[in-house]
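**Student:** Take this structure, written in structure tokens, and hold onto it; I'll ask about it next.
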Amino acid sequence: MHARLAVPTLTLALAGLLWVLMGHAAVVNYDTLYSLLWGKELLHGDLPDMTVPGAPTPHPLATAAGFVLAPIFGSASPAALSLLAYLGYVATASCVVLLGLV
């Protein structure tokens, strides 16, 4: 394997392994589910109703992720967003390790 592909490949593999071992819904919480709902509302051309009593603080990047993931994964969007979160965790840890090696 080419050296430049080693870190991204290991990052993807470790994120997938964590997702399988830790459970695909472990990261999905109240805010995340609302972000997916608001992303789906945007996808259908409606403005998200962020004034509902008890609605969490809007997270624009998570809502954008919901907008992208909703048509691709449908009801599996929470699991896909969970995998994306694990990928972010592992990518951050990989960057920290690489910076420590420099």
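Every chain in the structure tokens takes a letter, A first, then B, and so on in the order presented; its residues are numbered from 1, and the ligands are numbered from 1 following the presented order.
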Using only C-alpha atoms, determine which residues lie at most 10 Å from Ser94 in chain A, disregarding the query and same-chain residues fewer than 5 positions distant; provide the list as a VMD selection string.

**Tutor:** chain A and resid 7 to 8 10 to 11 88 to 89 99 to 100

**Student:** What lies within 10 Å of range 44-53 of chain A using only C-alpha atoms, ignoring chain neighbours under 3 positions off, as a list of chain:residue names?

**Tutor:**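 After dropping sequence-adjacent residues, the list is A:Tyr34, A:Ser35, A:Leu37, A:Trp38, A:Gly39, A:Lys40, A:Glu41, A:Pro56, A:Thr57, A:Pro58, A:Thr63, A:Phe67.
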
**Student:** What residues in range 1-98 of chain A get the DSSP label alpha helix (DSSP H)? Please answer as a count of residues only.

**Tutor:** 70

**Student:** Find the distance between CA of Leu17 in chain A and CA of His59 in chain A and write it in Å to one decimal.

**Tutor:**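 Rounded to one decimal, the two atoms are 27.0 Å apart.
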
**Student:** In Å, rounded to a single decimal, give me how far CA of Leu21 in chain A is from CA of Val96 in chain A.

**Tutor:**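 We find that CA of Val96 in chain A and CA of Leu21 in chain A lie 22.8 Å from each other.
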
**Student:** Taking only C-alpha atoms into account, which of A:Val28, A:Ala55, A:Met22, A:Ala64 comes nearest Ala85 in chain A?

**Tutor:**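 For Ala85 in chain A, the nearest of the given residues is A:Val28.
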